[in-house]
Amino acid sequence: MESSQSKRFASFSEQTSQPLSEKDMEELQSTLPPDKKLKAGREYIWNIKSKRKAEYWKYYLDHKGEAIGKAVEACLEYWGIDDKLFTVTVDNASSNDVACAHLSRMVRRTGCINDGKNLHVRCIAHIINLIVWDGIKEHGVCIDRVRNAVKYVKNSPARILRFKDLVQKANIDSKSSLSFDVPTRWNSTYIMLETALKFRRVFSGLSLPDGEDLNDNERPPEPEDWEKVERLVLFLEGFYLLTKRISGSHYVTANKGLGEIASMYDMLNNWEQSEDLNFQAMAIAMKKKSLISIGGMWIR
């Protein structure tokens, strides 16, 4: 039996999937305070609604920066908070720069602290993602080899059963399971490597693809690769925990930004003193990238 919650959700989805009628627009207008009126954002939506439905969705869901900015402005006006906007946090996509420029013009009309000069705050988690990728790209071969080994196992139910059997025989006490990474999210790469490392003895018992026709990064992980991965996981653990802390959705994170950035610099300074030249180089590359990325974030 369909729950009342699902019915409300279905009703909401149906309502929001349709362009607003003229009557709906009049009702929205009536909800505004007496000194308010439909401004650029909602006029933009209203003008689009006069076009065909397909064109409406094409424009409304267009990811161009100006369209994003106007759509956000329309929502802020509808919620009655268009004069209360303080900051907008987004990643580094160029369309977001354009959208934030549009919203900056809006807040100069509606009023905002510092006239919206510091409206656009870049996402710290995204900045850390760029910094870490810049550091670990030199270890691409060992990462690719582990990734291909994980892929080989997970792509076959028979191999998965064989893998589990070897785990049991090796008396490896772990509830972790192999996982793929998402190339654009380094923390998923960390999880993939950290998990695979627990089963390195099991991988050595599998007949992984090998041959002269394979590229160097497609070959099975060798002992030296696992040693590099082990040090890499140790290096990345601090950044993984940092990313988790600043990506929380059930608590405020904006007040943690400066402290977490300082924590990241402490980690990089410590790794710069490492006896491992590879990780020294990683720390130096990541600090250089951070000065460009984080410097730009705060200057804005």
# chains A, B, ... in the order shown; residues from 1 in each chain; ligands from 1

$ residues_around --residues "range 227-229 of chain A" --least-positions-apart "3" --cutoff "7 Å" --atoms "only C-alpha atoms" --output "list in words"
Cys142, Leu193, Pro223, Glu224, Leu232 and Val233 of chain A

$ write_last_selection --atoms "all heavy atoms" --output "PDB file, in the first residue's frame"
ATOM      1  N   CYS A 142      51.410   2.557 -10.244  1.00  0.00           N
ATOM      2  CA  CYS A 142      51.024   1.608  -9.188  1.00  0.00           C
ATOM      3  C   CYS A 142      49.530   1.707  -8.884  1.00  0.00           C
ATOM      4  O   CYS A 142      48.882   0.696  -8.587  1.00  0.00           O
ATOM      5  CB  CYS A 142      51.856   1.818  -7.927  1.00  0.00           C
ATOM      6  SG  CYS A 142      51.573   3.358  -7.044  1.00  0.00           S
ATOM      7  N   LEU A 193      42.446   1.929  -2.682  1.00  0.00           N
ATOM      8  CA  LEU A 193      43.802   1.485  -2.361  1.00  0.00           C
ATOM      9  C   LEU A 193      43.884   0.937  -0.944  1.00  0.00           C
ATOM     10  O   LEU A 193      44.518  -0.106  -0.704  1.00  0.00           O
ATOM     11  CB  LEU A 193      44.774   2.660  -2.515  1.00  0.00           C
ATOM     12  CG  LEU A 193      44.940   3.242  -3.917  1.00  0.00           C
ATOM     13  CD1 LEU A 193      45.866   4.455  -3.882  1.00  0.00           C
ATOM     14  CD2 LEU A 193      45.467   2.199  -4.893  1.00  0.00           C
ATOM     15  N   PRO A 223      55.509  -6.493  -5.902  1.00  0.00           N
ATOM     16  CA  PRO A 223      55.775  -6.152  -4.495  1.00  0.00           C
ATOM     17  C   PRO A 223      56.139  -4.684  -4.287  1.00  0.00           C
ATOM     18  O   PRO A 223      55.716  -4.061  -3.320  1.00  0.00           O
ATOM     19  CB  PRO A 223      56.939  -7.075  -4.132  1.00  0.00           C
ATOM     20  CG  PRO A 223      56.750  -8.276  -5.019  1.00  0.00           C
ATOM     21  CD  PRO A 223      56.227  -7.730  -6.312  1.00  0.00           C
ATOM     22  N   GLU A 224      56.921  -4.131  -5.248  1.00  0.00           N
ATOM     23  CA  GLU A 224      57.301  -2.718  -5.111  1.00  0.00           C
ATOM     24  C   GLU A 224      56.081  -1.804  -5.233  1.00  0.00           C
ATOM     25  O   GLU A 224      56.017  -0.749  -4.590  1.00  0.00           O
ATOM     26  CB  GLU A 224      58.325  -2.325  -6.184  1.00  0.00           C
ATOM     27  CG  GLU A 224      59.575  -3.182  -6.226  1.00  0.00           C
ATOM     28  CD  GLU A 224      59.374  -4.456  -7.038  1.00  0.00           C
ATOM     29  OE1 GLU A 224      59.034  -4.378  -8.227  1.00  0.00           O
ATOM     30  OE2 GLU A 224      59.550  -5.535  -6.443  1.00  0.00           O
ATOM     31  N   LEU A 232      51.609   5.400   0.165  1.00  0.00           N
ATOM     32  CA  LEU A 232      50.656   6.373  -0.376  1.00  0.00           C
ATOM     33  C   LEU A 232      49.399   6.459   0.490  1.00  0.00           C
ATOM     34  O   LEU A 232      48.882   7.554   0.753  1.00  0.00           O
ATOM     35  CB  LEU A 232      50.283   5.977  -1.812  1.00  0.00           C
ATOM     36  CG  LEU A 232      49.539   7.006  -2.663  1.00  0.00           C
ATOM     37  CD1 LEU A 232      50.357   8.282  -2.787  1.00  0.00           C
ATOM     38  CD2 LEU A 232      49.251   6.435  -4.045  1.00  0.00           C
ATOM     39  N   VAL A 233      48.915   5.317   0.949  1.00  0.00           N
ATOM     40  CA  VAL A 233      47.736   5.292   1.822  1.00  0.00           C
ATOM     41  C   VAL A 233      48.034   6.018   3.129  1.00  0.00           C
ATOM     42  O   VAL A 233      47.203   6.784   3.638  1.00  0.00           O
ATOM     43  CB  VAL A 233      47.290   3.833   2.094  1.00  0.00           C
ATOM     44  CG1 VAL A 233      46.309   3.763   3.257  1.00  0.00           C
ATOM     45  CG2 VAL A 233      46.661   3.248   0.836  1.00  0.00           C
TER      46      VAL A 233
END

$ residues_around --residues "Cys100 in chain A" --least-positions-apart "4" --cutoff "12 Å" --atoms "only C-alpha atoms" --output "ChimeraX atom specification"
/A:64-73,85-96,104-107,116-122,300

$ residues_around --residues "range 196-204 of chain A" --least-positions-apart "5" --cutoff "10 Å" --atoms "only C-alpha atoms" --output "ChimeraX atom specification"
/A:146-147,149-150,153,162-170,172-174,176-179,190-191,220-223,226-227,229-230,233

$ write_last_selection --atoms "N, CA, C and O atoms" --output "CSV table (one decimal), in the first residue's frame"
chain,number,residue,atom,x,y,z
A,146,VAL,N,46.8,-1.5,-9.4
A,146,VAL,CA,45.8,-2.0,-8.4
A,146,VAL,C,44.4,-1.8,-8.9
A,146,VAL,O,43.6,-2.7,-8.7
A,147,ARG,N,44.1,-0.7,-9.5
A,147,ARG,CA,42.8,-0.5,-10.1
A,147,ARG,C,42.4,-1.6,-11.0
A,147,ARG,O,41.3,-2.2,-11.0
A,149,ALA,N,43.6,-4.7,-11.2
A,149,ALA,CA,43.5,-5.9,-10.4
A,149,ALA,C,42.1,-6.0,-9.8
A,149,ALA,O,41.4,-7.0,-9.8
A,150,VAL,N,41.7,-4.9,-9.2
A,150,VAL,CA,40.3,-4.8,-8.6
A,150,VAL,C,39.2,-5.0,-9.6
A,150,VAL,O,38.3,-5.8,-9.4
A,153,VAL,N,38.9,-8.7,-10.7
A,153,VAL,CA,38.1,-9.5,-9.8
A,153,VAL,C,36.6,-9.2,-9.8
A,153,VAL,O,35.8,-10.1,-9.9
A,162,ARG,N,36.1,-16.9,-6.0
A,162,ARG,CA,37.4,-17.4,-5.8
A,162,ARG,C,38.2,-16.5,-4.9
A,162,ARG,O,38.9,-16.9,-4.0
A,163,PHE,N,38.0,-15.2,-5.0
A,163,PHE,CA,38.6,-14.2,-4.2
A,163,PHE,C,38.2,-14.4,-2.7
A,163,PHE,O,39.1,-14.4,-1.8
A,164,LYS,N,36.9,-14.5,-2.5
A,164,LYS,CA,36.4,-14.7,-1.1
A,164,LYS,C,37.0,-16.0,-0.5
A,164,LYS,O,37.3,-16.0,0.7
A,165,ASP,N,37.1,-17.0,-1.3
A,165,ASP,CA,37.6,-18.3,-0.8
A,165,ASP,C,39.1,-18.1,-0.4
A,165,ASP,O,39.5,-18.6,0.6
A,166,LEU,N,39.9,-17.4,-1.2
A,166,LEU,CA,41.2,-17.1,-0.8
A,166,LEU,C,41.4,-16.3,0.4
A,166,LEU,O,42.3,-16.5,1.2
A,167,VAL,N,40.4,-15.3,0.6
A,167,VAL,CA,40.4,-14.5,1.8
A,167,VAL,C,40.2,-15.3,3.0
A,167,VAL,O,40.9,-15.2,4.0
A,168,GLN,N,39.3,-16.3,2.9
A,168,GLN,CA,39.0,-17.1,4.0
A,168,GLN,C,40.2,-18.1,4.3
A,168,GLN,O,40.5,-18.3,5.5
A,169,LYS,N,40.8,-18.6,3.3
A,169,LYS,CA,42.0,-19.5,3.5
A,169,LYS,C,43.2,-18.7,4.1
A,169,LYS,O,44.0,-19.3,4.8
A,170,ALA,N,43.3,-17.4,3.8
A,170,ALA,CA,44.4,-16.7,4.3
A,170,ALA,C,44.1,-16.1,5.7
A,170,ALA,O,45.0,-15.4,6.2
A,172,ILE,N,42.2,-13.8,6.7
A,172,ILE,CA,42.2,-12.3,6.7
A,172,ILE,C,40.9,-11.9,7.3
A,172,ILE,O,39.8,-12.1,6.7
A,173,ASP,N,40.9,-11.3,8.5
A,173,ASP,CA,39.7,-10.8,9.2
A,173,ASP,C,39.4,-9.4,8.8
A,173,ASP,O,39.9,-8.4,9.4
A,174,SER,N,38.6,-9.3,7.8
A,174,SER,CA,38.2,-7.9,7.3
A,174,SER,C,36.8,-8.0,6.7
A,174,SER,O,36.5,-8.9,5.9
A,176,SER,N,35.7,-5.5,5.0
A,176,SER,CA,35.8,-4.6,3.8
A,176,SER,C,35.6,-5.4,2.5
A,176,SER,O,35.9,-6.6,2.4
A,177,SER,N,35.1,-4.7,1.5
A,177,SER,CA,35.0,-5.3,0.2
A,177,SER,C,35.6,-4.5,-0.9
A,177,SER,O,35.7,-3.2,-0.7
A,178,LEU,N,36.1,-5.1,-1.9
A,178,LEU,CA,36.8,-4.3,-3.0
A,178,LEU,C,35.8,-3.3,-3.6
A,178,LEU,O,34.6,-3.5,-3.7
A,179,SER,N,36.4,-2.1,-3.9
A,179,SER,CA,35.6,-1.1,-4.5
A,179,SER,C,36.3,-0.4,-5.6
A,179,SER,O,37.6,-0.2,-5.5
A,190,TYR,N,41.5,6.7,-2.6
A,190,TYR,CA,42.1,6.3,-1.4
A,190,TYR,C,41.4,5.1,-0.8
A,190,TYR,O,42.1,4.2,-0.3
A,191,ILE,N,40.1,5.1,-0.8
A,191,ILE,CA,39.4,3.9,-0.2
A,191,ILE,C,39.7,2.7,-1.0
A,191,ILE,O,39.9,1.6,-0.4
A,220,PRO,N,50.0,-6.8,-13.5
A,220,PRO,CA,49.6,-7.1,-12.1
A,220,PRO,C,50.5,-6.3,-11.2
A,220,PRO,O,51.7,-6.0,-11.5
A,221,PRO,N,50.0,-5.9,-10.0
A,221,PRO,CA,50.9,-5.2,-9.1
A,221,PRO,C,52.0,-6.0,-8.6
A,221,PRO,O,51.8,-7.2,-8.3
A,222,GLU,N,53.2,-5.5,-8.6
A,222,GLU,CA,54.4,-6.2,-8.1
A,222,GLU,C,54.6,-5.8,-6.6
A,222,GLU,O,54.0,-4.8,-6.1
A,223,PRO,N,55.5,-6.5,-5.9
A,223,PRO,CA,55.8,-6.2,-4.5
A,223,PRO,C,56.1,-4.7,-4.3
A,223,PRO,O,55.7,-4.1,-3.3
A,226,TRP,N,53.0,-2.6,-4.2
A,226,TRP,CA,52.3,-2.6,-3.0
A,226,TRP,C,53.0,-1.8,-1.9
A,226,TRP,O,52.3,-1.2,-1.1
A,227,GLU,N,54.3,-1.8,-1.9
A,227,GLU,CA,55.0,-0.9,-1.0
A,227,GLU,C,54.8,0.5,-1.2
A,227,GLU,O,54.6,1.3,-0.2
A,229,VAL,N,52.0,1.7,-2.6
A,229,VAL,CA,50.6,1.9,-2.2
A,229,VAL,C,50.5,2.1,-0.7
A,229,VAL,O,49.7,2.9,-0.2
A,230,GLU,N,51.3,1.2,0.0
A,230,GLU,CA,51.2,1.3,1.4
A,230,GLU,C,51.6,2.7,2.0
A,230,GLU,O,51.0,3.2,2.9
A,233,VAL,N,48.9,5.3,0.9
A,233,VAL,CA,47.7,5.3,1.8
A,233,VAL,C,48.0,6.0,3.1
A,233,VAL,O,47.2,6.8,3.6

$ select_by_dssp --residues "range 114-275 of chain A" --states "strand (DSSP E or B)" --output "count of residues only"
5

$ atom_distance --atom1 "CA of Trp271 in chain A" --atom2 "CA of Phe235 in chain A"
8.0 Å

$ atom_distance --atom1 "CA of Asp216 in chain A" --atom2 "CA of Val141 in chain A"
7.4 Å

$ closest_residue --among "A:His63, A:Arg231, A:Lys84, A:Lys151" --to "Ala99 in chain A" --atoms "only C-alpha atoms"
A:His63

$ atom_distance --atom1 "CA of Met267 in chain A" --atom2 "CA of Ile124 in chain A"
16.3 Å

$ select_by_dssp --residues "range 115-221 of chain A" --states "helix (DSSP H, G or I)" --output "PyMOL selection string"
chain A and resi 115-116+124-154+157-169+186-198+200-203+216-218

$ closest_residue --among "A:Lys137, A:Ala125, A:Ala254, A:Cys75" --to "Ala281 in chain A" --atoms "only C-alpha atoms"
A:Lys137

$ closest_residue --among "A:Val252, A:Leu291, A:Ile128, A:Met192" --to "Phe239 in chain A" --atoms "only C-alpha atoms"
A:Ile128

$ decode --residues "range 183-249 of chain A" --atoms "C-alpha atoms" --output "compact mmCIF listing (two decimals), in the first residue's frame"
# COMPACT_ATOMS: atom_id res chain seq x y z
CA PRO A 183 38.67 9.15 -11.17
CA THR A 184 37.37 12.65 -10.39
CA ARG A 185 37.17 11.94 -6.63
CA TRP A 186 40.54 11.16 -5.10
CA ASN A 187 39.01 10.06 -1.79
CA SER A 188 37.38 7.13 -3.59
CA THR A 189 40.84 6.25 -4.93
CA TYR A 190 42.14 6.32 -1.36
CA ILE A 191 39.35 3.93 -0.25
CA MET A 192 40.08 1.61 -3.19
CA LEU A 193 43.80 1.48 -2.36
CA GLU A 194 43.30 1.21 1.40
CA THR A 195 40.88 -1.70 0.94
CA ALA A 196 42.96 -3.50 -1.70
CA LEU A 197 46.01 -3.25 0.54
CA LYS A 198 44.30 -5.45 3.13
CA PHE A 199 44.06 -8.20 0.52
CA ARG A 200 47.48 -7.90 -1.13
CA ARG A 201 48.31 -11.56 -0.25
CA VAL A 202 45.08 -12.68 -1.94
CA PHE A 203 45.85 -10.83 -5.16
CA SER A 204 49.18 -12.64 -5.37
CA GLY A 205 47.24 -15.93 -5.40
CA LEU A 206 45.14 -14.94 -8.40
CA SER A 207 46.06 -15.43 -12.03
CA LEU A 208 45.89 -11.77 -13.01
CA PRO A 209 46.27 -10.89 -16.70
CA ASP A 210 49.90 -10.52 -17.75
CA GLY A 211 51.71 -10.56 -21.04
CA GLU A 212 53.84 -8.62 -23.48
CA ASP A 213 50.77 -7.11 -25.15
CA LEU A 214 49.82 -5.22 -21.98
CA ASN A 215 50.90 -1.68 -21.22
CA ASP A 216 53.13 -1.17 -18.22
CA ASN A 217 50.30 0.23 -16.08
CA GLU A 218 48.06 -2.75 -16.99
CA ARG A 219 50.33 -5.40 -15.51
CA PRO A 220 49.64 -7.07 -12.13
CA PRO A 221 50.87 -5.17 -9.05
CA GLU A 222 54.38 -6.17 -8.07
CA PRO A 223 55.78 -6.15 -4.50
CA GLU A 224 57.30 -2.72 -5.11
CA ASP A 225 53.87 -1.43 -6.21
CA TRP A 226 52.27 -2.62 -2.98
CA GLU A 227 55.04 -0.94 -0.98
CA LYS A 228 54.37 2.33 -2.79
CA VAL A 229 50.62 1.95 -2.25
CA GLU A 230 51.20 1.29 1.44
CA ARG A 231 53.16 4.54 1.83
CA LEU A 232 50.66 6.37 -0.38
CA VAL A 233 47.74 5.29 1.82
CA LEU A 234 49.63 6.49 4.89
CA PHE A 235 50.29 9.82 3.16
CA LEU A 236 46.68 10.31 2.04
CA GLU A 237 44.95 9.23 5.24
CA GLY A 238 45.19 12.67 6.81
CA PHE A 239 43.74 14.35 3.72
CA TYR A 240 40.94 11.78 3.56
CA LEU A 241 39.94 12.49 7.17
CA LEU A 242 40.19 16.23 6.53
CA THR A 243 37.89 15.95 3.50
CA LYS A 244 35.35 13.97 5.53
CA ARG A 245 35.33 16.63 8.26
CA ILE A 246 34.70 19.54 5.91
CA SER A 247 32.16 17.64 3.80
CA GLY A 248 29.70 17.04 6.65
CA SER A 249 26.05 17.69 5.87
